[in-house]
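So this one's start-v9.csv, CSV, C-alpha atoms and all ligand atoms:
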chain,number,residue,atom,x,y,z
R,21,MET,CA,0.0,0.0,0.0
R,22,SER,CA,1.6,3.2,-1.1
R,23,PRO,CA,1.3,6.5,0.9
R,24,LEU,CA,-0.6,7.9,-2.1
R,25,PHE,CA,-3.2,5.1,-1.9
R,26,ILE,CA,-3.6,5.6,1.9
R,27,LEU,CA,-4.1,9.4,1.3
R,28,SER,CA,-6.6,8.8,-1.4
R,29,LEU,CA,-8.5,6.3,0.8
R,30,ALA,CA,-8.5,8.7,3.7
R,31,TRP,CA,-9.9,11.4,1.5
R,32,GLN,CA,-12.9,9.2,0.5
R,33,LEU,CA,-13.4,8.3,4.1
R,34,LEU,CA,-13.4,11.9,5.2
R,35,LYS,CA,-16.1,12.7,2.6
R,36,THR,CA,-18.3,9.9,4.0
R,37,HIS,CA,-17.8,11.2,7.6
R,38,LEU,CA,-18.7,14.7,6.4
R,39,GLY,CA,-22.1,13.3,5.3
R,40,ARG,CA,-21.7,12.3,1.7
R,41,PRO,CA,-22.0,8.5,1.1
R,42,VAL,CA,-19.1,7.2,-1.0
R,43,PRO,CA,-18.9,3.6,-2.4
R,44,ILE,CA,-15.4,3.1,-1.0
R,45,PHE,CA,-15.7,-0.7,-1.1
R,46,CYS,CA,-17.2,-2.7,-4.0
R,47,GLU,CA,-18.0,-6.4,-3.9
R,48,TYR,CA,-17.9,-7.5,-7.6
R,49,GLU,CA,-19.4,-10.9,-8.2
R,50,ILE,CA,-17.9,-11.3,-11.6
R,51,THR,CA,-19.7,-14.5,-12.6
R,52,TYR,CA,-22.1,-17.0,-10.9
R,53,ARG,CA,-20.9,-19.9,-12.9
R,54,CYS,CA,-18.8,-22.4,-10.9
R,55,ASN,CA,-16.8,-25.6,-11.4
R,56,LEU,CA,-17.7,-26.9,-7.9
R,57,ASN,CA,-21.0,-27.6,-6.2
R,58,CYS,CA,-20.4,-26.9,-2.5
R,59,SER,CA,-23.0,-28.2,-0.1
R,60,PHE,CA,-23.5,-24.8,1.5
R,61,CYS,CA,-23.8,-22.8,-1.7
R,62,SER,CA,-26.5,-22.2,-4.2
R,63,GLN,CA,-25.0,-19.5,-6.3
R,64,GLN,CA,-24.7,-21.4,-9.6
R,65,ARG,CA,-28.4,-22.4,-9.4
R,66,PHE,CA,-29.2,-18.8,-10.0
R,67,ALA,CA,-26.5,-17.9,-12.5
R,68,HIS,CA,-28.9,-17.5,-15.4
R,69,GLU,CA,-30.7,-14.7,-13.5
R,70,TRP,CA,-27.7,-12.4,-14.0
R,71,GLU,CA,-26.9,-13.2,-17.6
R,72,PRO,CA,-25.4,-12.0,-19.9
R,73,GLU,CA,-22.3,-11.2,-18.0
R,74,LEU,CA,-20.4,-8.0,-18.6
R,75,SER,CA,-17.8,-8.1,-21.4
R,76,CYS,CA,-14.2,-7.4,-20.4
R,77,GLU,CA,-14.4,-3.8,-21.8
R,78,GLN,CA,-17.8,-3.2,-20.1
R,79,ALA,CA,-16.4,-4.4,-16.8
R,80,LYS,CA,-13.4,-2.2,-17.1
R,81,ALA,CA,-15.6,0.8,-18.0
R,82,ILE,CA,-17.8,0.3,-14.9
R,83,ILE,CA,-14.7,-0.1,-12.7
R,84,SER,CA,-13.3,3.2,-14.0
R,85,GLN,CA,-16.7,4.9,-13.1
R,86,LEU,CA,-16.5,3.3,-9.7
R,87,TYR,CA,-13.0,4.7,-9.2
R,88,SER,CA,-14.3,8.2,-10.1
R,89,ALA,CA,-17.1,7.7,-7.6
R,90,GLY,CA,-14.6,7.0,-4.8
R,91,THR,CA,-14.1,3.2,-4.9
R,92,ARG,CA,-10.7,2.3,-3.5
R,93,LEU,CA,-11.2,-1.3,-2.3
R,94,MET,CA,-12.7,-4.1,-4.4
R,95,ASN,CA,-13.2,-7.8,-3.8
R,96,MET,CA,-13.8,-10.0,-6.8
R,97,SER,CA,-15.8,-13.1,-6.1
R,98,GLY,CA,-18.5,-15.3,-7.6
R,99,GLY,CA,-19.2,-18.1,-8.5
R,100,GLU,CA,-15.7,-18.9,-9.4
R,101,PRO,CA,-14.0,-15.8,-11.0
R,102,SER,CA,-11.2,-17.8,-12.7
R,103,LEU,CA,-13.7,-19.4,-15.0
R,104,ARG,CA,-13.6,-16.1,-16.9
R,105,PRO,CA,-10.5,-15.9,-19.1
R,106,ASP,CA,-10.4,-12.1,-18.5
R,107,PHE,CA,-10.6,-12.0,-14.7
R,108,ILE,CA,-6.9,-11.1,-14.4
R,109,GLU,CA,-7.1,-8.4,-17.0
R,110,ILE,CA,-10.0,-6.9,-15.2
R,111,ALA,CA,-8.2,-7.0,-11.9
R,112,GLN,CA,-5.1,-5.4,-13.5
R,113,HIS,CA,-7.3,-2.6,-14.8
R,114,ALA,CA,-8.6,-1.9,-11.2
R,115,ARG,CA,-5.1,-2.1,-9.8
R,116,ASN,CA,-3.7,0.3,-12.4
R,117,LEU,CA,-6.4,2.8,-11.5
R,118,GLY,CA,-5.4,2.7,-7.8
R,119,ILE,CA,-7.9,0.3,-6.4
R,120,PHE,CA,-6.8,-2.3,-3.8
R,121,ILE,CA,-8.1,-5.5,-5.4
R,122,SER,CA,-8.6,-8.9,-3.7
R,123,LEU,CA,-10.0,-12.2,-5.0
R,124,ASN,CA,-11.9,-15.1,-3.5
R,125,THR,CA,-11.3,-18.4,-5.4
R,126,ASN,CA,-11.6,-22.1,-4.9
R,127,GLY,CA,-8.2,-22.4,-6.5
R,128,TYR,CA,-9.1,-25.3,-8.7
R,129,LEU,CA,-7.9,-23.8,-12.0
R,130,ILE,CA,-4.8,-22.1,-10.7
R,131,ASP,CA,-1.7,-23.6,-12.4
R,132,GLU,CA,1.8,-22.3,-12.7
R,133,ALA,CA,1.0,-20.1,-15.7
R,134,MET,CA,-2.1,-18.5,-14.1
R,135,ALA,CA,-0.3,-18.0,-10.7
R,136,GLN,CA,2.5,-16.0,-12.5
R,137,LYS,CA,-0.1,-13.5,-13.8
R,138,MET,CA,-2.0,-13.3,-10.5
R,139,THR,CA,0.3,-10.6,-9.1
R,140,ALA,CA,-2.4,-8.4,-10.5
R,141,PHE,CA,-4.2,-9.0,-7.1
R,142,HIS,CA,-3.1,-7.4,-3.9
R,143,MET,CA,-4.5,-10.4,-2.0
R,144,VAL,CA,-6.0,-13.8,-2.9
R,145,ARG,CA,-8.1,-15.9,-0.6
R,146,VAL,CA,-8.3,-19.6,-1.4
R,147,SER,CA,-11.2,-21.5,0.1
R,148,ILE,CA,-10.4,-24.6,2.2
R,149,ASP,CA,-13.1,-26.1,4.4
R,150,GLY,CA,-11.4,-29.2,5.8
R,151,ASN,CA,-8.2,-31.1,5.7
R,152,GLY,CA,-8.5,-33.5,2.8
R,153,GLN,CA,-11.6,-35.7,2.5
R,154,LEU,CA,-13.9,-33.3,4.4
R,155,HIS,CA,-13.1,-30.5,2.0
R,156,ASP,CA,-13.8,-32.7,-1.0
R,157,ARG,CA,-17.0,-33.9,0.5
R,158,LEU,CA,-18.3,-30.4,1.3
R,159,ARG,CA,-17.1,-29.1,-2.1
R,160,ARG,CA,-18.7,-32.3,-3.7
R,161,HIS,CA,-15.7,-32.7,-5.9
R,162,PRO,CA,-12.9,-35.3,-5.4
R,163,GLY,CA,-9.4,-33.8,-5.8
R,164,SER,CA,-10.5,-30.2,-5.0
R,165,PHE,CA,-8.5,-30.2,-1.7
R,166,ALA,CA,-5.3,-31.1,-3.5
R,167,ARG,CA,-5.9,-28.5,-6.2
R,168,ALA,CA,-6.6,-25.8,-3.5
R,169,VAL,CA,-3.4,-26.6,-1.7
R,170,SER,CA,-1.4,-26.6,-4.9
R,171,ALA,CA,-2.9,-23.2,-5.8
R,172,ILE,CA,-1.7,-21.8,-2.5
R,173,LYS,CA,1.8,-23.1,-3.0
R,174,LEU,CA,2.0,-21.8,-6.6
R,175,LEU,CA,0.7,-18.3,-5.6
R,176,LYS,CA,3.2,-18.1,-2.7
R,177,LYS,CA,6.0,-19.2,-5.0
R,178,ASN,CA,5.1,-16.4,-7.4
R,179,GLY,CA,5.0,-13.7,-4.8
R,180,VAL,CA,1.2,-13.3,-4.5
R,181,ARG,CA,-0.1,-12.6,-1.0
R,182,VAL,CA,-2.4,-15.5,-0.3
R,183,MET,CA,-4.4,-16.7,2.6
R,184,ILE,CA,-7.0,-19.4,3.4
R,185,ASN,CA,-10.7,-18.6,3.7
R,186,SER,CA,-12.7,-21.2,5.6
R,187,VAL,CA,-16.5,-21.5,6.0
R,188,ILE,CA,-17.7,-23.1,9.2
R,189,THR,CA,-20.8,-25.2,8.8
R,190,ASN,CA,-22.5,-27.5,11.2
R,191,SER,CA,-20.6,-30.4,9.6
R,192,HIS,CA,-17.4,-29.1,11.3
R,193,SER,CA,-16.1,-30.3,14.7
R,194,HIS,CA,-13.5,-28.3,16.7
R,195,GLN,CA,-10.9,-30.8,15.6
R,196,ASP,CA,-11.8,-30.3,11.9
R,197,LEU,CA,-11.2,-26.6,12.3
R,198,ARG,CA,-7.9,-27.2,14.2
R,199,GLU,CA,-6.7,-29.2,11.3
R,200,ILE,CA,-7.3,-26.3,8.9
R,201,ALA,CA,-5.4,-24.0,11.2
R,202,GLU,CA,-2.6,-26.5,11.4
R,203,LEU,CA,-2.6,-26.7,7.6
R,204,ALA,CA,-2.3,-22.9,7.4
R,205,ARG,CA,0.6,-23.0,9.8
R,206,SER,CA,2.4,-25.7,7.8
R,207,LEU,CA,1.8,-23.8,4.5
R,208,ASP,CA,3.0,-20.6,6.3
R,209,VAL,CA,-0.2,-18.7,5.4
R,210,GLN,CA,-2.9,-17.0,7.4
R,211,VAL,CA,-6.5,-18.3,7.7
R,212,SER,CA,-9.7,-16.5,8.2
R,213,PHE,CA,-12.9,-18.3,9.4
R,214,SER,CA,-16.4,-17.3,8.7
R,215,ALA,CA,-19.8,-18.7,9.6
R,216,ALA,CA,-22.0,-20.1,6.7
R,217,GLU,CA,-24.6,-17.4,6.0
R,218,ALA,CA,-28.3,-17.8,5.3
R,219,SER,CA,-28.0,-15.8,2.2
R,220,ALA,CA,-28.0,-16.3,-1.5
R,221,SER,CA,-26.5,-13.3,-3.2
R,222,ALA,CA,-27.3,-14.8,-6.7
R,223,ALA,CA,-31.0,-15.2,-6.0
R,224,ARG,CA,-33.0,-12.2,-7.2
R,225,THR,CA,-36.2,-13.5,-5.6
R,226,GLN,CA,-35.8,-14.0,-1.9
R,227,THR,CA,-38.4,-14.8,0.7
R,228,ARG,CA,-38.1,-15.6,4.4
R,229,ASP,CA,-39.0,-19.3,3.6
R,230,PHE,CA,-36.4,-19.5,0.9
R,231,ILE,CA,-33.7,-18.1,3.1
R,232,ASP,CA,-34.7,-20.3,6.0
R,233,GLY,CA,-34.7,-23.4,3.8
R,234,LEU,CA,-31.5,-22.6,2.1
R,235,LEU,CA,-29.0,-23.4,4.8
R,236,ALA,CA,-31.3,-25.2,7.2
R,237,ASP,CA,-28.9,-28.2,7.2
R,238,GLY,CA,-25.6,-26.3,6.9
R,239,ARG,CA,-25.7,-23.4,9.3
R,240,MET,CA,-24.1,-23.4,12.7
R,241,HIS,CA,-25.5,-21.0,15.2
R,242,PRO,CA,-23.3,-17.8,14.8
R,243,ALA,CA,-22.6,-17.7,18.5
R,244,THR,CA,-21.2,-21.2,18.5
R,245,ALA,CA,-19.1,-20.4,15.5
R,246,ALA,CA,-17.8,-17.4,17.4
R,247,LEU,CA,-16.8,-19.6,20.3
R,248,LEU,CA,-14.9,-21.9,18.0
R,249,ILE,CA,-13.1,-19.1,16.3
R,250,ARG,CA,-12.1,-17.5,19.6
R,251,SER,CA,-10.6,-20.8,20.7
R,252,LEU,CA,-8.7,-21.3,17.4
R,253,HIS,CA,-7.5,-17.7,17.6
R,254,SER,CA,-6.0,-18.3,21.1
R,255,GLU,CA,-4.3,-21.5,20.0
R,256,PHE,CA,-3.1,-20.4,16.6
R,257,SER,CA,-2.7,-16.7,17.1
R,258,GLU,CA,-0.1,-16.3,14.4
R,259,SER,CA,-2.1,-18.0,11.8
R,260,VAL,CA,-5.8,-17.3,12.6
R,261,VAL,CA,-6.4,-13.7,11.7
R,262,ASN,CA,-10.1,-13.3,12.6
R,263,ASP,CA,-10.5,-10.0,14.4
R,264,SER,CA,-12.8,-9.1,17.3
R,265,ILE,CA,-15.0,-7.0,14.9
R,266,TYR,CA,-16.3,-10.1,13.2
R,267,ILE,CA,-16.3,-12.4,16.2
R,268,GLU,CA,-18.4,-9.9,18.2
R,269,THR,CA,-20.9,-9.5,15.4
R,270,LEU,CA,-21.4,-13.3,15.5
R,271,GLU,CA,-21.7,-13.2,19.3
R,272,LYS,CA,-24.4,-10.6,19.1
R,273,SER,CA,-26.3,-12.3,16.3
R,274,ASP,CA,-29.5,-12.6,18.3
R,275,ALA,CA,-29.6,-8.9,19.2
R,276,ASN,CA,-31.1,-6.3,16.9
R,277,PRO,CA,-28.2,-5.1,14.8
R,278,GLY,CA,-29.5,-1.5,14.9
R,279,ARG,CA,-29.0,0.9,12.1
R,280,CYS,CA,-27.1,-0.6,9.1
R,281,ARG,CA,-24.7,1.8,7.4
R,282,VAL,CA,-23.6,-0.6,4.6
R,283,LEU,CA,-24.8,1.9,2.0
R,284,ASP,CA,-22.8,4.8,3.4
R,285,THR,CA,-19.5,3.1,2.2
R,286,SER,CA,-20.1,0.2,-0.1
R,287,ILE,CA,-21.8,-1.0,-3.3
R,288,ALA,CA,-22.4,-4.4,-4.8
R,289,LEU,CA,-21.8,-5.1,-8.5
R,290,LYS,CA,-23.4,-8.2,-10.1
R,291,PRO,CA,-22.2,-10.2,-13.1
R,292,ASP,CA,-24.6,-8.5,-15.6
R,293,GLY,CA,-23.5,-5.0,-14.6
R,294,SER,CA,-26.4,-4.2,-12.2
R,295,PHE,CA,-25.7,-2.6,-8.9
R,296,ALA,CA,-27.6,-4.5,-6.1
R,297,PHE,CA,-29.4,-2.7,-3.3
R,298,PRO,CA,-29.6,-2.7,-0.4
R,299,CYS,CA,-26.6,-5.0,-0.1
R,300,ASN,CA,-24.7,-7.8,-1.8
R,301,ASP,CA,-26.5,-10.6,0.0
R,302,PHE,CA,-30.0,-9.3,-0.6
R,303,PRO,CA,-30.1,-7.9,-4.1
R,304,ILE,CA,-33.7,-7.0,-3.9
R,305,PHE,CA,-33.5,-3.7,-5.9
R,306,PRO,CA,-31.0,-4.2,-8.8
R,307,MET,CA,-30.4,-0.9,-10.7
R,308,ARG,CA,-28.3,0.1,-13.7
R,309,SER,CA,-26.6,3.4,-14.3
R,310,SER,CA,-23.8,4.8,-16.4
R,311,ASP,CA,-23.1,7.2,-13.6
R,312,CYS,CA,-22.3,5.3,-10.3
R,313,GLU,CA,-21.9,8.4,-8.3
R,314,ALA,CA,-25.2,9.9,-9.3
R,315,LEU,CA,-26.9,6.5,-8.7
R,316,PHE,CA,-25.3,6.2,-5.2
R,317,ASN,CA,-26.8,9.6,-4.3
R,318,SER,CA,-30.1,9.3,-6.1
R,319,VAL,CA,-33.5,9.7,-4.5
R,320,GLU,CA,-34.2,6.0,-4.9
R,321,VAL,CA,-31.0,4.9,-3.2
R,322,LYS,CA,-31.5,7.5,-0.4
R,323,ARG,CA,-34.9,6.0,0.3
R,324,ILE,CA,-33.4,2.5,0.5
R,325,ARG,CA,-30.6,3.9,2.7
R,326,ALA,CA,-33.1,5.3,5.1
R,327,ASP,CA,-34.9,1.9,5.5
R,328,LEU,CA,-31.7,-0.1,6.1
R,329,GLY,CA,-31.9,-2.4,9.1
R,330,THR,CA,-35.7,-2.5,8.9
R,331,TYR,CA,-36.1,-5.2,6.2
R,332,TRP,CA,-37.0,-8.6,7.4
R,333,PHE,CA,-33.7,-10.1,6.2
R,334,CYS,CA,-31.8,-7.6,8.4
R,335,GLU,CA,-32.8,-9.5,11.5
R,336,ARG,CA,-29.7,-11.2,12.8
R,337,CYS,CA,-27.5,-10.1,9.9
R,338,THR,CA,-24.0,-11.3,10.4
R,339,SER,CA,-22.8,-10.9,6.8
R,340,ARG,CA,-19.1,-10.3,6.6
R,341,CYS,CA,-19.8,-8.1,3.6
R,342,SER,CA,-21.7,-5.7,5.8
R,343,VAL,CA,-19.6,-5.8,9.0
R,344,TYR,CA,-16.6,-4.0,7.5
R,345,PRO,CA,-18.5,-1.4,5.5
R,346,ASN,CA,-20.4,-0.6,8.6
R,347,LYS,CA,-17.2,-0.2,10.5
R,348,LEU,CA,-15.8,2.1,7.8
R,349,ALA,CA,-18.8,4.4,8.5
R,350,GLN,CA,-17.9,4.8,12.2
R,351,PRO,CA,-14.9,6.9,13.4
R,352,PHE,CA,-13.7,4.4,16.0
R,353,GLY,CA,-14.5,1.5,13.6
R,354,ILE,CA,-11.9,2.8,11.2
R,355,ILE,CA,-9.2,2.5,13.9
R,356,SER,CA,-10.1,-1.1,14.7
R,357,LEU,CA,-10.3,-2.0,11.0
R,358,ALA,CA,-6.9,-0.5,10.4
R,359,ARG,CA,-5.5,-2.6,13.2
R,360,SER,CA,-7.0,-5.7,11.8
R,361,TRP,CA,-5.9,-5.1,8.2
R,362,ALA,CA,-2.4,-4.3,9.3
R,363,LYS,CA,-2.2,-7.8,10.9
R,364,VAL,CA,-3.2,-9.4,7.5
R,365,LEU,CA,-1.1,-7.1,5.3
R,366,PHE,CA,2.1,-6.5,7.2
R,367,SER,CA,2.7,-9.6,9.3
R,401,LIG,S1,-18.9,-21.8,-2.5
R,401,LIG,FE1,-17.7,-20.9,-4.2
R,401,LIG,S2,-16.7,-22.7,-5.0
R,401,LIG,FE2,-18.4,-23.5,-3.8
R,401,LIG,S3,-20.1,-23.8,-5.3
R,401,LIG,FE3,-20.3,-21.8,-4.3
R,401,LIG,S4,-19.3,-20.3,-5.7
R,401,LIG,FE4,-18.5,-22.4,-6.2
R,402,LIG,S1,-28.5,-5.2,8.0
R,402,LIG,FE1,-27.4,-6.8,6.7
R,402,LIG,S2,-29.1,-7.6,5.4
R,402,LIG,FE2,-29.8,-5.6,6.2
R,402,LIG,S3,-29.2,-4.1,4.6
R,402,LIG,FE3,-27.5,-4.2,6.2
R,402,LIG,S4,-26.1,-5.7,5.3
R,402,LIG,FE4,-28.0,-6.0,4.3

Encoding of this model in C-alpha cells:
Amino acid sequence: MSPLFILSLAWQLLKTHLGRPVPIFCEYEITYRCNLNCSFCSQQRFAHEWEPELSCEQAKAIISQLYSAGTRLMNMSGGEPSLRPDFIEIAQHARNLGIFISLNTNGYLIDEAMAQKMTAFHMVRVSIDGNGQLHDRLRRHPGSFARAVSAIKLLKKNGVRVMINSVITNSHSHQDLREIAELARSLDVQVSFSAAEASASAARTQTRDFIDGLLADGRMHPATAALLIRSLHSEFSESVVNDSIYIETLEKSDANPGRCRVLDTSIALKPDGSFAFPCNDFPIFPMRSSDCEALFNSVEVKRIRADLGTYWFCERCTSRCSVYPNKLAQPFGIISLARSWAKVLFS
C-alpha cells in the first residue's frame, strides 16, 4: 500500500464522515458460474438470473466509473472468478487505477501459468473447508482439496499474497477446524474463518422461507461459530487472523443489529452490470446506471438507505460483507479496521 493510496482512501473516508456517502468498497461478483458444487452454496443455481455477464471492456468501464465515484477497495468473487478468461485483465485494470483488489477463489484452476499472472491481485483468498476428505465432501468434488493446496503453494512461489478462507458449517467439529489452522501453519499462510450465512446473493427473488430453507442443514449458530473461532485464535494466534470486529458480530447475532450503514460506504456489482441494493447478499433492488456516483446519491438509493436495518432479512444479519463497510462508516470503527488489516497485510 503506497502512501498515495492511503491518502486517497483517507480522503474518501473523510467525505463519508462529512455526510456524503461514497462507495469506497465494492464487492464485484464477476460470474455466478462455478466448477464446484459446494453443499452450503446455491450460487450457480441462479447464475442465469444475472446473464449475460459484462464483457471485459464493459467491466473495465464500470470499474473506471466506480473509481471516479470513490471506490478504493474491491473484492472480486462469484461463482468462481477464474472461469472467466479475462478475470486477471479486469483486476489489473482496477489495480492500475489505484484500487486495492482482492480475490476469492476455490483455486481449482490455478496452475503455474495462471499463478504467475495473479500478481495483479493485492490479495488472494483460497477456500479450504477441511483437511482432505472433508473439503472434497463439502465441495462435492474429489481432488478439489489437493488443487486448492497446490494453488496456495503456486501463488506463494510467485510472490502473490495468499491466505485461506474457511467457511464453518454444522458439519465441522472443533478438531476439523484445528486441522485447517494446522494446515495454514504448515503452509505458512494465514487463515480467516467465517460462519456459513443464510444468504444467496445470486438469487433475485428471496423470501423468508427461501432463506430459512437454504441453509437449514448447513448453518451453525453464529454464537457457536464465534466460540470456536475464539478458541482457534488463542491456540493459533499467528495463523488465525479473525478480528474481534467479526467475532463480536457473530456473538451478538440474536440482538437487533440496529442501524445498518452498509450503503454509506459500499456497493455491490453483479455479473450483468447491475448494482444491487440494499446489499450484496440481498439484491432486492437491482439498478443500472452509467453514472455510479449519481446513482449512489439518487433519491431511490437515499430512500433504501433510510430503510436499512428494517427489512425482514436484516434480522440477525452477520454478513461479513456488511460488517466491514459498517465499521468504515464509524470513526472508531476505522481504527479497529486499520489494526485488523495491518495484521493481515504486514505480518
Ligand atoms: S462456495 Fe464458491 S466454489 Fe463452492 S459452489 Fe459456491 S461459488 Fe462455487
Ligand atoms: S443489515 Fe445486513 S441484510 Fe440488512 S441491509 Fe444491512 S447488510 Fe443487508

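The nearest approach to ligand LIG 402 (chain R) among the residues R:Glu100, R:Glu217, R:Asp232, R:Asp292, with all atoms listed in the file taken into account, belongs to R:Glu217.
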
Closest atom pairs, residues of chain R within 9 Å of ligand LIG 401 (chain R), all atoms listed in the file, as JSON lines:
{"residue": "R:Tyr52", "atom": "CA", "partner": "R:LIG401", "partner_atom": "S4", "distance": 6.8}
{"residue": "R:Arg53", "atom": "CA", "partner": "R:LIG401", "partner_atom": "S4", "distance": 7.4}
{"residue": "R:Cys54", "atom": "CA", "partner": "R:LIG401", "partner_atom": "FE4", "distance": 4.7}
{"residue": "R:Asn55", "atom": "CA", "partner": "R:LIG401", "partner_atom": "FE4", "distance": 6.3}
{"residue": "R:Leu56", "atom": "CA", "partner": "R:LIG401", "partner_atom": "S3", "distance": 4.7}
{"residue": "R:Asn57", "atom": "CA", "partner": "R:LIG401", "partner_atom": "S3", "distance": 4.0}
{"residue": "R:Cys58", "atom": "CA", "partner": "R:LIG401", "partner_atom": "FE2", "distance": 4.2}
{"residue": "R:Ser59", "atom": "CA", "partner": "R:LIG401", "partner_atom": "S3", "distance": 7.4}
{"residue": "R:Phe60", "atom": "CA", "partner": "R:LIG401", "partner_atom": "S1", "distance": 6.8}
{"residue": "R:Cys61", "atom": "CA", "partner": "R:LIG401", "partner_atom": "FE3", "distance": 4.5}
{"residue": "R:Ser62", "atom": "CA", "partner": "R:LIG401", "partner_atom": "FE3", "distance": 6.2}
{"residue": "R:Gln63", "atom": "CA", "partner": "R:LIG401", "partner_atom": "FE3", "distance": 5.6}
{"residue": "R:Gln64", "atom": "CA", "partner": "R:LIG401", "partner_atom": "S3", "distance": 6.7}
{"residue": "R:Ser97", "atom": "CA", "partner": "R:LIG401", "partner_atom": "S4", "distance": 8.0}
{"residue": "R:Gly98", "atom": "CA", "partner": "R:LIG401", "partner_atom": "S4", "distance": 5.4}
{"residue": "R:Gly99", "atom": "CA", "partner": "R:LIG401", "partner_atom": "S4", "distance": 3.6}
{"residue": "R:Glu100", "atom": "CA", "partner": "R:LIG401", "partner_atom": "S4", "distance": 5.3}
{"residue": "R:Pro101", "atom": "CA", "partner": "R:LIG401", "partner_atom": "S4", "distance": 8.7}
{"residue": "R:Asn124", "atom": "CA", "partner": "R:LIG401", "partner_atom": "FE1", "distance": 8.2}
{"residue": "R:Thr125", "atom": "CA", "partner": "R:LIG401", "partner_atom": "S2", "distance": 6.9}
{"residue": "R:Asn126", "atom": "CA", "partner": "R:LIG401", "partner_atom": "S2", "distance": 5.1}
{"residue": "R:Gly127", "atom": "CA", "partner": "R:LIG401", "partner_atom": "S2", "distance": 8.6}
{"residue": "R:Tyr128", "atom": "CA", "partner": "R:LIG401", "partner_atom": "S2", "distance": 8.8}
{"residue": "R:Ser147", "atom": "CA", "partner": "R:LIG401", "partner_atom": "S2", "distance": 7.6}
{"residue": "R:Leu158", "atom": "CA", "partner": "R:LIG401", "partner_atom": "FE2", "distance": 8.6}
{"residue": "R:Arg159", "atom": "CA", "partner": "R:LIG401", "partner_atom": "FE2", "distance": 6.0}
{"residue": "R:Arg160", "atom": "CA", "partner": "R:LIG401", "partner_atom": "S3", "distance": 8.8}
{"residue": "R:Val187", "atom": "CA", "partner": "R:LIG401", "partner_atom": "S1", "distance": 8.8}

* Within-6 Å residues of ligand LIG 402 (chain R), basis only C-alpha atoms and all ligand atoms, as an NGL selection string -> :R and (280 or 282 or 298-299 or 328-329 or 333-334 or 337 or 342)

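A straight line drawn from atom CA of R:Gln153 to atom CA of R:Lys176 is 23.6 Å long.
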
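Rounded to one decimal, atom CA of R:Met94 and atom CA of R:Ile119 lie 6.8 Å from each other.
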
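The set of protein, DNA and RNA residues with any counted atom at most 12 Å from (-19.3, 11.6, 3.2) (all atoms listed in the file) reads Ala30, Trp31, Gln32, Leu33, Leu34, Lys35, Thr36, His37, Leu38, Gly39, Arg40, Pro41, Val42, Pro43, Ile44, Ala89, Gly90, Arg281, Leu283, Asp284, Thr285, Ser286, Phe316, Asn317, Leu348, Ala349 and Gln350 of chain R.
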
* Quick one: everything within 8 Å of R:His113, counting all atoms listed in the file, minus sequence neighbours fewer than 4 positions away in the same chain. Send it as a list in words. => Lys80, Glu109 and Leu117 of chain R

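The interatomic distance for the pair atom CA of R:Thr139 and atom CA of R:Val180 works out to 5.4 Å.
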
* To do: Would you kindly identify which residues have an atom no farther than 12 Å from (-26.7, 3.2, -12.3), using all atoms listed in the file and the file's own coordinates, and write them out as a ChimeraX atom specification?
  => /R:82,85-86,89,287-289,293-297,305-318,320-321

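Considering all atoms listed in the file, the residue among R:Ala168, R:Val144, R:Ala114, R:Ile324 positioned nearest to R:Ile130 is R:Ala168.
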
* Give me the residues within 10 Å of R:Ala222 as a ChimeraX atom specification, counting all atoms listed in the file and dropping any in the same chain fewer than 2 places off. => /R:49,51-52,62-70,98-99,219-220,224-226,290-291,300-303

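Distance annotation: of R:Arg228, R:Arg145, R:Arg115, R:Arg205, the residue with the minimal separation from R:Ala171 is R:Arg145; atom set is all atoms listed in the file.
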
Return as CSV the residues of stretch 231-283 of chain R lying at most 8 Å from stretch 208-213 of chain R, together with the closest atom-to-atom pair for each and the distance in Å to one decimal, counting all atoms listed in the file, with rows in chain order and ascending residue number.
residue,atom,partner,partner_atom,distance
R:Ile249,CA,R:Phe213,CA,6.9
R:Glu258,CA,R:Gln210,CA,7.6
R:Ser259,CA,R:Gln210,CA,4.6
R:Val260,CA,R:Val211,CA,5.0
R:Val261,CA,R:Ser212,CA,5.6
R:Asn262,CA,R:Ser212,CA,5.5

As lines of an AutoDock Vina configuration file, what would the box around stretch 80-89 of chain R look like: edges along x, y and z, 6 Å added on every side, centre and edge lengths in Å to one decimal?
center_x = -15.4
center_y = 3.0
center_z = -12.8
size_x = 16.8
size_y = 22.4
size_z = 22.4

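Across R:Ser102, R:Ser170, R:Asn95, R:Ser206, the tightest approach to R:Met143 is made by R:Asn95 when counting only C-alpha atoms.
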